[in-house]
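Visitor: Please read through the structure below; I'll follow up with questions.
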Amino acid sequence: MYKPVDAQLQARAMRTGTAAWILQRLSGVFLTIYLISHLIVIGTSVRGEGSFDDLLSNFEKTPFLVLDAGLLGIVAFHAVNGLRLILFDFGIGLRHQKVLFWTAFIVAVGMFVGSLIAVRSLL
């Protein structure tokens with residue numbers, strides 16, 4: 001039976017391991033971009049207290065608070081999925097890959113929802 005080269009990346013043919021691999025890489029790229037932008041924002045403190053306070057006042061608006069909640073979910077997923085991968089390197093849990101992936105995913109979603117609830121009190 002013929003399978004196209006990109007068959008692994010098609011949504012209906014994607015297995016849990018492939019999805020976990022892609023999500024781990026995407027979350028790593030997002031965290032790297034966030035870290036760079038965070039360093040740039042912190043770097044504005046060199047210009048003086050007034051300009052830094054003006055910039056931080058922009059981050060108290062609703063879209064940025066929701067992005068902060070999303071950041072917590074991404075960090076939680078990346079960390080728990082990374083621990084899952086470390087366990088696999090030691091040969092632990094190899095038979096339970098799907099359960100461990102979905103556990104990592106549910107923890108991340110729970111952290112995101114919990115942080116959204118906490119952020120709602122700031123609005």
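We label chains A, B, ... in the order they appear in the structure tokens, count residues from 1 in each chain, and number ligands from 1 in the order shown.
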Give me the residues within 7 Å of Gly73 in chain A as a PyMOL selection string, counting only C-alpha atoms and dropping any in the same chain fewer than 4 places off.
Guide: chain A and resi 69+77+108-109+111-112
Visitor: Quick one: DSSP alpha helix (DSSP H) residues in chain A, as a PyMOL selection string?
Guide: chain A and resi 16-43+49-58+62-89+97-120
Visitor: State, in Å with one decimal place, the distance from CA of Ala104 in chain A to CA of Asp68 in chain A.
Guide: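 A separation of 19.2 Å between them.
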Visitor: In Å to one decimal, how far is CA of Ser115 in chain A from CA of Pro63 in chain A?
Guide: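 These two atoms are separated by 13.7 Å.
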Visitor: Using only C-alpha atoms, pick whichever of A:Lys98, A:Ala19, A:Thr103, A:Val75 has the shortest atom-to-atom distance to Tyr34 in chain A.
Guide: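 Selected residue with least distance to Tyr34 in chain A: A:Val75.
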Visitor: Using only C-alpha atoms, can you tell me which of A:Gln97, A:Ser37, A:Thr62, A:Asn81 comes closest to Leu123 in chain A?
Guide: A:Thr62
Visitor: Have a look at A:Leu94, A:Val107, A:His78, A:Trp102 and name the one nearest to Ser27 in chain A; count only C-alpha atoms.
Guide: A:His78
Visitor: Would you please work out which residue, of A:Phe101, A:Phe52, A:Phe59, A:Phe64, is nearest to Ala79 in chain A when using only C-alpha atoms?
Guide: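 Distance minimum relative to Ala79 in chain A lands on A:Phe101.
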